[in-house]
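Raw work-v7.txt, compact mmCIF, C-alpha atoms and all ligand atoms:
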# COMPACT_ATOMS: atom_id res chain seq x y z
CA MET A 1 0.00 0.00 0.00
CA SER A 2 1.70 3.25 -1.06
CA LEU A 3 1.23 6.53 0.78
CA GLU A 4 -2.21 8.19 0.66
CA SER A 5 -1.79 11.80 -0.55
CA ILE A 6 -5.54 12.31 -1.12
CA LYS A 7 -8.44 11.34 1.19
CA TYR A 8 -11.72 11.78 -0.68
CA LYS A 9 -15.32 10.75 -0.40
CA ARG A 10 -18.19 12.70 -1.91
CA GLY A 11 -18.51 15.95 0.02
CA TYR A 12 -15.20 15.53 1.90
CA LEU A 13 -11.59 16.11 0.79
CA GLU A 14 -8.32 16.13 2.75
CA VAL A 15 -4.81 16.31 1.28
CA LEU A 16 -1.48 15.39 2.84
CA ASP A 17 0.56 18.58 3.50
CA GLN A 18 3.79 17.68 1.68
CA LEU A 19 5.63 20.75 2.99
CA LEU A 20 5.74 19.01 6.39
CA LEU A 21 6.98 15.59 5.16
CA PRO A 22 8.87 13.53 6.13
CA LEU A 23 8.84 14.68 9.76
CA GLN A 24 5.13 15.41 10.12
CA THR A 25 2.11 13.65 8.59
CA LYS A 26 -0.71 16.22 8.61
CA TYR A 27 -3.79 16.43 6.40
CA VAL A 28 -5.35 19.72 5.28
CA LYS A 29 -9.13 19.91 4.74
CA ILE A 30 -10.21 21.30 1.34
CA GLU A 31 -13.66 22.95 1.36
CA GLY A 32 -13.66 24.62 -2.04
CA VAL A 33 -11.76 26.06 -4.98
CA GLU A 34 -9.97 28.76 -2.95
CA ASP A 35 -8.53 26.08 -0.66
CA GLY A 36 -7.60 24.04 -3.72
CA TRP A 37 -5.79 26.95 -5.36
CA LYS A 38 -3.84 27.72 -2.18
CA VAL A 39 -2.57 24.19 -1.47
CA ILE A 40 -1.43 23.88 -5.11
CA ASN A 41 0.22 27.32 -5.29
CA LYS A 42 2.00 26.83 -1.93
CA MET A 43 3.07 23.32 -3.05
CA GLN A 44 1.43 21.68 -0.06
CA VAL A 45 0.38 19.32 -2.80
CA ARG A 46 2.37 19.01 -6.01
CA GLY A 47 2.99 16.72 -8.94
CA ALA A 48 1.34 17.27 -12.31
CA PRO A 49 -1.37 14.57 -12.02
CA ALA A 50 -2.08 15.30 -8.34
CA ILE A 51 -2.45 19.03 -9.07
CA ALA A 52 -5.13 18.27 -11.67
CA ILE A 53 -6.99 15.77 -9.51
CA ILE A 54 -6.95 17.83 -6.31
CA GLY A 55 -7.83 21.05 -8.13
CA CYS A 56 -10.84 19.41 -9.80
CA LEU A 57 -11.92 17.64 -6.59
CA SER A 58 -11.92 21.02 -4.81
CA LEU A 59 -14.43 22.18 -7.45
CA ALA A 60 -16.52 19.02 -6.94
CA ILE A 61 -16.70 19.77 -3.20
CA GLU A 62 -17.86 23.33 -3.90
CA LEU A 63 -20.38 22.29 -6.58
CA LEU A 64 -21.98 19.67 -4.31
CA ASN A 65 -22.85 22.48 -1.89
CA ASP A 66 -24.14 24.78 -4.66
CA ASN A 67 -27.95 24.93 -4.44
CA SER A 68 -28.27 26.78 -7.76
CA SER A 69 -30.93 25.32 -10.07
CA ASP A 70 -29.87 27.41 -13.07
CA LYS A 71 -27.62 25.27 -15.29
CA LYS A 72 -26.40 28.26 -17.30
CA VAL A 73 -25.25 30.02 -14.12
CA MET A 74 -23.55 26.80 -12.93
CA ARG A 75 -21.79 26.40 -16.29
CA GLN A 76 -20.51 29.95 -16.19
CA GLU A 77 -19.27 29.61 -12.60
CA ILE A 78 -17.59 26.28 -13.39
CA GLU A 79 -15.64 27.82 -16.26
CA GLY A 80 -14.46 30.72 -14.11
CA LYS A 81 -13.41 28.46 -11.23
CA LEU A 82 -11.54 26.03 -13.48
CA ASN A 83 -9.64 28.86 -15.14
CA TYR A 84 -8.77 30.15 -11.66
CA LEU A 85 -7.46 26.74 -10.58
CA VAL A 86 -5.31 26.50 -13.75
CA SER A 87 -3.61 29.77 -12.69
CA ALA A 88 -2.23 28.22 -9.47
CA ARG A 89 0.90 26.91 -11.26
CA PRO A 90 1.68 27.44 -14.98
CA THR A 91 3.95 24.64 -16.15
CA ALA A 92 2.13 21.31 -15.58
CA VAL A 93 -0.47 20.79 -18.29
CA ASN A 94 -2.67 18.15 -16.64
CA ILE A 95 -4.98 20.62 -14.87
CA LYS A 96 -5.38 22.66 -18.07
CA LEU A 97 -6.38 19.58 -20.07
CA ALA A 98 -8.75 18.48 -17.30
CA ALA A 99 -10.29 21.96 -17.19
CA ASP A 100 -10.82 21.96 -20.96
CA GLU A 101 -12.58 18.58 -20.79
CA LEU A 102 -14.76 19.61 -17.84
CA ILE A 103 -15.75 22.92 -19.45
CA SER A 104 -16.76 21.01 -22.56
CA LEU A 105 -18.81 18.60 -20.41
CA ALA A 106 -20.48 21.53 -18.61
CA ASN A 107 -21.36 23.11 -21.98
CA THR A 108 -22.91 19.84 -23.18
CA LEU A 109 -24.92 19.27 -19.99
CA SER A 110 -26.06 22.90 -19.90
CA ALA A 111 -27.25 22.81 -23.50
CA ASP A 112 -29.12 19.51 -23.12
CA GLU A 113 -32.64 20.46 -22.08
CA THR A 114 -33.37 16.89 -20.94
CA VAL A 115 -30.71 17.24 -18.21
CA THR A 116 -31.93 18.70 -14.90
CA SER A 117 -29.67 20.82 -12.67
CA GLU A 118 -29.39 17.91 -10.22
CA GLU A 119 -28.39 15.53 -13.03
CA PHE A 120 -25.92 18.17 -14.23
CA LYS A 121 -24.22 18.22 -10.81
CA GLU A 122 -24.27 14.43 -10.45
CA ARG A 123 -22.73 13.75 -13.88
CA PHE A 124 -20.19 16.56 -13.54
CA ILE A 125 -19.03 15.46 -10.07
CA SER A 126 -18.91 11.78 -11.14
CA SER A 127 -16.70 12.76 -14.07
CA ILE A 128 -14.22 14.40 -11.67
CA GLU A 129 -14.32 11.43 -9.29
CA GLY A 130 -13.47 9.17 -12.22
CA MET A 131 -10.12 10.96 -12.53
CA LEU A 132 -8.93 9.26 -9.31
CA SER A 133 -9.41 5.66 -10.48
CA LYS A 134 -8.25 6.41 -14.05
CA ASP A 135 -4.99 7.94 -12.79
CA ILE A 136 -4.24 4.83 -10.74
CA GLU A 137 -5.01 2.56 -13.69
CA ASP A 138 -2.81 4.70 -15.95
CA ASN A 139 0.06 4.57 -13.43
CA LYS A 140 -0.11 0.77 -13.14
CA ALA A 141 -0.01 0.50 -16.96
CA ILE A 142 2.94 2.93 -17.10
CA GLY A 143 4.65 0.73 -14.51
CA ARG A 144 4.15 -2.42 -16.62
CA TYR A 145 5.30 -0.84 -19.89
CA GLY A 146 8.24 0.91 -18.26
CA CYS A 147 9.40 -2.25 -16.50
CA GLU A 148 9.27 -4.16 -19.82
CA ALA A 149 11.17 -1.46 -21.72
CA ILE A 150 13.97 -1.12 -19.15
CA LEU A 151 14.44 -4.91 -18.83
CA LYS A 152 14.86 -5.26 -22.61
CA ASN A 153 18.45 -4.05 -22.06
CA ILE A 154 19.12 -6.46 -19.18
CA GLU A 155 20.44 -9.96 -19.96
CA GLY A 156 18.62 -13.04 -18.68
CA ASP A 157 16.88 -12.45 -15.37
CA GLY A 158 19.48 -9.95 -14.23
CA GLN A 159 18.58 -6.97 -12.05
CA VAL A 160 18.88 -3.29 -12.89
CA ARG A 161 20.06 -0.16 -11.12
CA VAL A 162 17.89 2.88 -11.85
CA LEU A 163 18.25 6.61 -11.19
CA THR A 164 15.28 8.91 -10.70
CA HIS A 165 14.81 12.64 -10.01
CA CYS A 166 12.25 14.59 -7.99
CA ASN A 167 9.10 12.83 -6.76
CA THR A 168 6.79 11.04 -9.14
CA GLY A 169 5.17 8.58 -6.77
CA SER A 170 1.96 8.32 -4.76
CA LEU A 171 2.65 11.83 -3.46
CA ALA A 172 2.54 13.25 -7.01
CA THR A 173 -0.43 11.26 -8.32
CA ALA A 174 -3.61 9.55 -7.11
CA GLU A 175 -1.45 6.51 -6.19
CA TYR A 176 1.47 4.32 -7.35
CA GLY A 177 3.15 7.04 -9.43
CA THR A 178 4.60 7.46 -12.89
CA ALA A 179 8.41 7.11 -12.89
CA LEU A 180 8.24 5.79 -9.34
CA GLY A 181 5.48 3.48 -10.58
CA VAL A 182 7.99 2.00 -13.03
CA ILE A 183 10.40 1.53 -10.12
CA ARG A 184 7.65 -0.10 -8.02
CA SER A 185 6.92 -2.48 -10.93
CA LEU A 186 10.60 -3.41 -11.29
CA HIS A 187 10.75 -4.08 -7.54
CA ALA A 188 7.57 -6.17 -7.62
CA ALA A 189 9.08 -8.23 -10.47
CA LYS A 190 12.21 -8.74 -8.31
CA ARG A 191 14.32 -7.16 -11.08
CA LEU A 192 15.31 -3.96 -9.27
CA GLU A 193 18.80 -4.16 -7.75
CA HIS A 194 18.84 -0.59 -6.48
CA VAL A 195 17.34 2.82 -7.07
CA PHE A 196 19.28 6.07 -6.67
CA CYS A 197 17.18 9.16 -5.99
CA THR A 198 18.46 12.72 -6.16
CA GLU A 199 17.76 15.23 -3.38
CA THR A 200 16.16 17.58 -5.95
CA ARG A 201 17.00 20.99 -4.57
CA PRO A 202 15.58 23.41 -3.60
CA TYR A 203 12.21 21.87 -2.54
CA ASN A 204 13.92 18.52 -1.92
CA GLN A 205 11.18 16.34 -3.39
CA GLY A 206 13.72 13.50 -3.61
CA ALA A 207 15.17 13.68 -0.11
CA ARG A 208 11.84 14.39 1.61
CA LEU A 209 9.25 12.62 -0.55
CA THR A 210 10.75 9.95 -2.83
CA ALA A 211 13.08 8.68 -0.10
CA PHE A 212 10.04 8.62 2.24
CA GLU A 213 8.04 6.49 -0.23
CA LEU A 214 10.95 4.12 -0.93
CA VAL A 215 11.82 3.59 2.74
CA HIS A 216 8.11 3.15 3.57
CA GLU A 217 7.95 0.25 1.08
CA LYS A 218 11.43 -1.14 1.84
CA ILE A 219 12.63 -0.64 -1.74
CA PRO A 220 16.48 -0.70 -1.82
CA ALA A 221 17.49 2.91 -2.41
CA THR A 222 20.27 5.43 -1.93
CA LEU A 223 19.91 9.20 -1.77
CA ILE A 224 22.44 11.28 -3.70
CA VAL A 225 23.04 15.00 -4.00
CA ASP A 226 21.93 16.44 -7.37
CA SER A 227 25.55 17.17 -8.33
CA MET A 228 26.59 13.51 -7.88
CA VAL A 229 24.80 12.11 -10.96
CA ALA A 230 27.85 12.17 -13.27
CA ALA A 231 30.14 10.65 -10.63
CA LEU A 232 27.58 7.93 -9.91
CA MET A 233 27.30 6.97 -13.60
CA HIS A 234 31.11 6.96 -13.84
CA VAL A 235 31.57 4.46 -10.99
CA ARG A 236 28.32 2.43 -11.03
CA ASN A 237 26.60 0.71 -13.94
CA ILE A 238 23.24 2.51 -14.04
CA GLY A 239 20.85 0.59 -16.30
CA ALA A 240 18.36 3.40 -16.86
CA VAL A 241 17.17 6.82 -15.79
CA VAL A 242 13.41 7.26 -15.41
CA VAL A 243 11.84 10.64 -14.58
CA GLY A 244 8.39 12.20 -14.71
CA ALA A 245 7.01 15.09 -16.72
CA ASP A 246 4.98 18.22 -16.19
CA ARG A 247 4.34 18.94 -19.83
CA VAL A 248 5.48 16.98 -22.90
CA ALA A 249 5.38 19.03 -26.10
CA ALA A 250 4.18 17.62 -29.42
CA ASN A 251 7.75 16.91 -30.58
CA GLY A 252 8.61 15.10 -27.32
CA ASP A 253 10.57 17.93 -25.64
CA THR A 254 9.74 17.59 -21.94
CA ALA A 255 9.36 20.06 -19.09
CA ASN A 256 10.25 18.43 -15.81
CA LYS A 257 11.80 19.34 -12.48
CA ILE A 258 14.87 21.58 -12.66
CA GLY A 259 17.95 19.41 -13.00
CA THR A 260 16.34 16.88 -15.36
CA TYR A 261 18.02 18.40 -18.43
CA GLN A 262 21.53 18.01 -17.03
CA ILE A 263 20.79 14.43 -15.94
CA ALA A 264 19.74 13.69 -19.52
CA ILE A 265 23.01 15.18 -20.83
CA VAL A 266 25.07 13.05 -18.41
CA ALA A 267 23.02 9.95 -19.31
CA LYS A 268 23.73 10.56 -23.01
CA TYR A 269 27.47 10.86 -22.29
CA HIS A 270 27.41 7.56 -20.35
CA ASN A 271 25.10 5.76 -22.83
CA VAL A 272 22.42 5.27 -20.16
CA PRO A 273 18.85 4.98 -21.53
CA PHE A 274 16.81 8.02 -20.40
CA TYR A 275 13.05 7.54 -20.07
CA VAL A 276 10.23 9.97 -19.36
CA ALA A 277 7.21 8.35 -17.68
CA ALA A 278 4.01 10.32 -18.22
CA PRO A 279 0.31 9.65 -18.79
CA PHE A 280 -1.38 11.08 -21.89
CA THR A 281 -2.82 13.74 -19.56
CA SER A 282 0.71 15.24 -19.39
CA ILE A 283 1.11 15.51 -23.17
CA ASP A 284 0.23 18.88 -24.71
CA MET A 285 -0.19 18.61 -28.47
CA GLN A 286 -1.01 22.34 -28.62
CA ILE A 287 2.62 23.12 -27.79
CA PRO A 288 4.89 22.33 -30.78
CA SER A 289 8.18 22.19 -28.88
CA GLY A 290 9.80 22.86 -25.52
CA GLU A 291 10.68 26.52 -25.97
CA HIS A 292 6.96 27.34 -25.93
CA ILE A 293 6.42 25.85 -22.44
CA LYS A 294 6.12 28.46 -19.65
CA ILE A 295 8.62 27.71 -16.87
CA GLU A 296 7.40 28.65 -13.38
CA GLU A 297 9.82 30.70 -11.29
CA ARG A 298 9.42 30.26 -7.56
CA PRO A 299 10.29 32.48 -4.54
CA ASP A 300 13.96 33.03 -3.62
CA LYS A 301 13.18 31.85 -0.09
CA GLU A 302 12.84 28.27 -1.35
CA MET A 303 16.59 28.47 -2.17
CA THR A 304 17.87 30.70 0.64
CA HIS A 305 16.11 28.87 3.49
CA ILE A 306 15.40 25.35 4.66
CA GLY A 307 12.18 25.82 6.54
CA ASP A 308 12.73 29.04 8.49
CA ARG A 309 16.50 28.57 8.73
CA ARG A 310 18.53 30.75 6.35
CA ILE A 311 21.33 28.90 4.53
CA ALA A 312 22.31 31.47 1.87
CA ALA A 313 24.02 34.83 2.39
CA PRO A 314 21.53 37.68 2.90
CA GLY A 315 21.39 39.95 -0.15
CA ILE A 316 22.50 37.35 -2.75
CA ASN A 317 20.45 37.30 -5.96
CA CYS A 318 18.68 34.03 -6.79
CA TRP A 319 17.33 32.38 -9.92
CA ASN A 320 14.78 29.69 -9.05
CA PRO A 321 13.12 28.14 -12.13
CA SER A 322 11.10 25.15 -10.96
CA PHE A 323 11.50 23.24 -14.24
CA ASP A 324 13.75 22.88 -17.26
CA ILE A 325 13.30 21.47 -20.75
CA THR A 326 14.88 18.20 -21.86
CA PRO A 327 15.05 18.06 -25.67
CA ALA A 328 13.51 15.02 -27.36
CA SER A 329 16.95 14.15 -28.78
CA LEU A 330 18.09 13.17 -25.26
CA ILE A 331 15.02 11.03 -24.50
CA THR A 332 15.16 7.28 -25.28
CA GLY A 333 11.43 6.75 -24.89
CA ILE A 334 8.26 8.18 -23.42
CA ILE A 335 6.50 5.61 -21.23
CA THR A 336 2.73 6.11 -21.25
CA GLU A 337 -0.31 4.07 -20.22
CA LYS A 338 -0.67 3.05 -23.89
CA GLY A 339 2.90 1.92 -24.42
CA VAL A 340 6.43 3.25 -24.84
CA PHE A 341 7.00 5.61 -27.76
CA LEU A 342 9.86 7.42 -29.41
CA PRO A 343 9.40 11.18 -28.87
CA SER A 344 9.00 11.61 -32.63
CA MET A 345 6.00 9.23 -32.62
CA LEU A 346 3.75 11.35 -30.39
CA SER A 347 2.19 13.27 -33.24
CA THR A 348 1.07 10.00 -34.85
CA LEU A 349 -0.69 8.97 -31.63
CA PHE A 350 -2.85 12.08 -31.59
CA ALA A 351 -3.43 12.35 -35.32
C1 LIG A 401 4.19 12.66 -11.76
S1 LIG A 401 4.70 14.19 -11.11
C2 LIG A 401 5.41 15.02 -12.42
C3 LIG A 401 6.38 16.10 -12.02
O1 LIG A 401 5.89 17.07 -11.05
C4 LIG A 401 7.00 17.47 -10.20
O2 LIG A 401 7.09 18.88 -10.06
P1 LIG A 401 6.55 19.61 -8.69
O3 LIG A 401 7.06 18.81 -7.54
O4 LIG A 401 7.12 21.03 -8.77
O5 LIG A 401 5.05 19.61 -8.84
C5 LIG A 401 8.21 16.95 -10.91
O6 LIG A 401 8.59 17.78 -12.00
C6 LIG A 401 7.67 15.62 -11.40
O7 LIG A 401 8.51 14.97 -12.29
Would you write the structure of this file as C-alpha cells?
Ligand SMILES: CSC[C@H]1O[C@H](OP(=O)(O)O)[C@H](O)[C@@H]1O
Amino acid sequence: MSLESIKYKRGYLEVLDQLLLPLQTKYVKIEGVEDGWKVINKMQVRGAPAIAIIGCLSLAIELLNDNSSDKKVMRQEIEGKLNYLVSARPTAVNIKLAADELISLANTLSADETVTSEEFKERFISSIEGMLSKDIEDNKAIGRYGCEAILKNIEGDGQVRVLTHCNTGSLATAEYGTALGVIRSLHAAKRLEHVFCTETRPYNQGARLTAFELVHEKIPATLIVDSMVAALMHVRNIGAVVVGADRVAANGDTANKIGTYQIAIVAKYHNVPFYVAAPFTSIDMQIPSGEHIKIEERPDKEMTHIGDRRIAAPGINCWNPSFDITPASLITGIITEKGVFLPSMLSTLFA
C-alpha cells in the first residue's frame, strides 16, 4: 500500500501537506476552490497529475454544496473556477487539459434540455471522481510498460540499477506514481537491484518525498546530492534513468523538475537509456516544442532557506526556475499508459 496523498469521499476532501513531510504527517481539509488553489500554489500538494486531480476535486466539493438550479449560471461559474485553478501553477499541463474537458462537459450538460440541474451536478461530479481511479489505472499500466522497456536491455533475469529525479510517486499522483510506478513495478518483479534518488534541490522532493516512499515500502534505495549524478554513472553501472514530466510538447521535448536536463546530458554521455514516464494527460499537443512551455519561477526563499532557517548569504540574488526542458533528442522513450514511444511518434498517436 503506497502513501495516501488524497483522502476523498463525496462531500469531503483532505490532502497530505507535503511541505511538512517527512517529519510530520498532517492532512489539510479542502472545502472549495480557494482552498484548492492555495494548497497547489503553496506546493502543499504538487505533482502534475495530483495538481489536476486535487484542483478538480476542490471544485466538486464546492459544486456539491451549490444549491443553484440554473444550469447556465452553474456552467458559467464552473468555467471561471476552473480557469482560476489553472492559474495556481503554470507549467504542468494536466490541470489545463482536465479543465478543458470539464468545461466542454459543462457546456454539453447545460445545452441539453433533458438534463436537470441535479443531473448536471451528479454527472459533472462523477466525471471528476473518475479521474482518481483512471490515474491509478494509468500509473499501473505505465509501470508495466516501463518495466518491460527497461528490462529489454538487461540480460537473462538480471537486475537493474535505476536513477530517478524529484518525486513522481503516490505523493505526485492519485497513487502508485509514474516514474516511481515503473520503479515499483521493477521491484515487484524482483528485477530492481537498487534505485538512486536525487535530493532535488531546492524543494527537496527527492530527499523528503521519494526517499520517504521508498523507505516506507522497503525498496532498496540510496539518496544522492543532485551534483553527484555524473560521478555515480562513472563508478556504477546505471541501467536506466526514469523521470516524470509536467508537460510533454508535441515533438517530445519535456518540461520536468529543474535538474532533469543536465541528468539527460550526463546519461547521453554515459550511454544510459533516459526515459520519461508520463500519462497522456501530461502531453500537450497544442505546444509544438519545448521553448513554448512556460517555466514557473518560484520564490527566492525556497533556495535561501530550509524551513525558516537561512542557509544562503543575505542579499544574494537568486534564480529559481522550478523546471527545465529536456530536448527530445536526449530522450530514449516516453513511457505512457498506452505503451512506450519514441518522442517523434507522439504526433502519430494524436493524429
Ligand atoms: C508525476 S509528477 C510530475 C512532475 O511534477 C513534479 O514537479 P513539482 O514537484 O514542482 O510539482 C516533478 O517535476 C515531477 O517529475
Test item: residues at most 10 Å from Ala106 (chain A), only C-alpha atoms, excluding those fewer than 4 positions along its chain, as a ChimeraX atom specification
/A:71-72,74-76,78-79,100-102,110-112,120-121,123-124
Output file for the residues above (C-alpha atoms, as a compact mmCIF listing (two decimals), in the coordinates of the input):
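Written output follows (selection.txt):
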# COMPACT_ATOMS: atom_id res chain seq x y z
CA LYS A 71 -27.62 25.27 -15.29
CA LYS A 72 -26.40 28.26 -17.30
CA MET A 74 -23.55 26.80 -12.93
CA ARG A 75 -21.79 26.40 -16.29
CA GLN A 76 -20.51 29.95 -16.19
CA ILE A 78 -17.59 26.28 -13.39
CA GLU A 79 -15.64 27.82 -16.26
CA ASP A 100 -10.82 21.96 -20.96
CA GLU A 101 -12.58 18.58 -20.79
CA LEU A 102 -14.76 19.61 -17.84
CA SER A 110 -26.06 22.90 -19.90
CA ALA A 111 -27.25 22.81 -23.50
CA ASP A 112 -29.12 19.51 -23.12
CA PHE A 120 -25.92 18.17 -14.23
CA LYS A 121 -24.22 18.22 -10.81
CA ARG A 123 -22.73 13.75 -13.88
CA PHE A 124 -20.19 16.56 -13.54
When the cut-off is 9 Å and you count all atoms listed in the file, which residues lie near ligand LIG 401 (chain A), shown as a PyMOL selection string?
chain A and resi 40+43+45-51+89+91-92+165-173+177-180+203-205+243-247+255-258+260+276-279+282+296+322-324
Spatial neighbours of Gln24 (chain A), 12 Å, all atoms listed in the file, chain gap at least 5 places, as an NGL selection string
:A and (16-19 or 208-209 or 212)
From the options A:Glu62, A:Glu337, A:Lys42, A:Thr25, which residue's atoms come nearest to Tyr12 (chain A), counting all atoms listed in the file?
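Residue with the minimum atom-to-atom distance to Tyr12 (chain A): A:Glu62.
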With all atoms listed in the file as the atoms that count, which of A:Gly181, A:Pro321, A:Gly80, A:Gly252 lies nearest to Pro299 (chain A)?
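Among the listed residues, the smallest separation from Pro299 (chain A) belongs to A:Pro321.
Between CA of Tyr275 (chain A) and CA of Thr200 (chain A) lies a distance of 17.6 Å.
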In terms of all atoms listed in the file, the residue from A:Leu23, A:Leu232, A:Ile335, A:Leu64 at minimal distance from Gly146 (chain A) is A:Ile335
Please identify all polymer residues lying at most 9 Å from the point (-4.7, 8.0, -21.6) (file coordinates), using only C-alpha atoms, and present the result as a VMD selection string.
chain A and resid 134 to 135 138 279 to 281 336 to 338
When distances are computed from only C-alpha atoms, which of A:Val241, A:Val215, A:Asn65, A:Pro202 shows the smallest separation from Glu302 (chain A)?
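Checking each of A:Val241, A:Val215, A:Asn65, A:Pro202 against Glu302 (chain A), counting only C-alpha atoms, the winner is A:Pro202.
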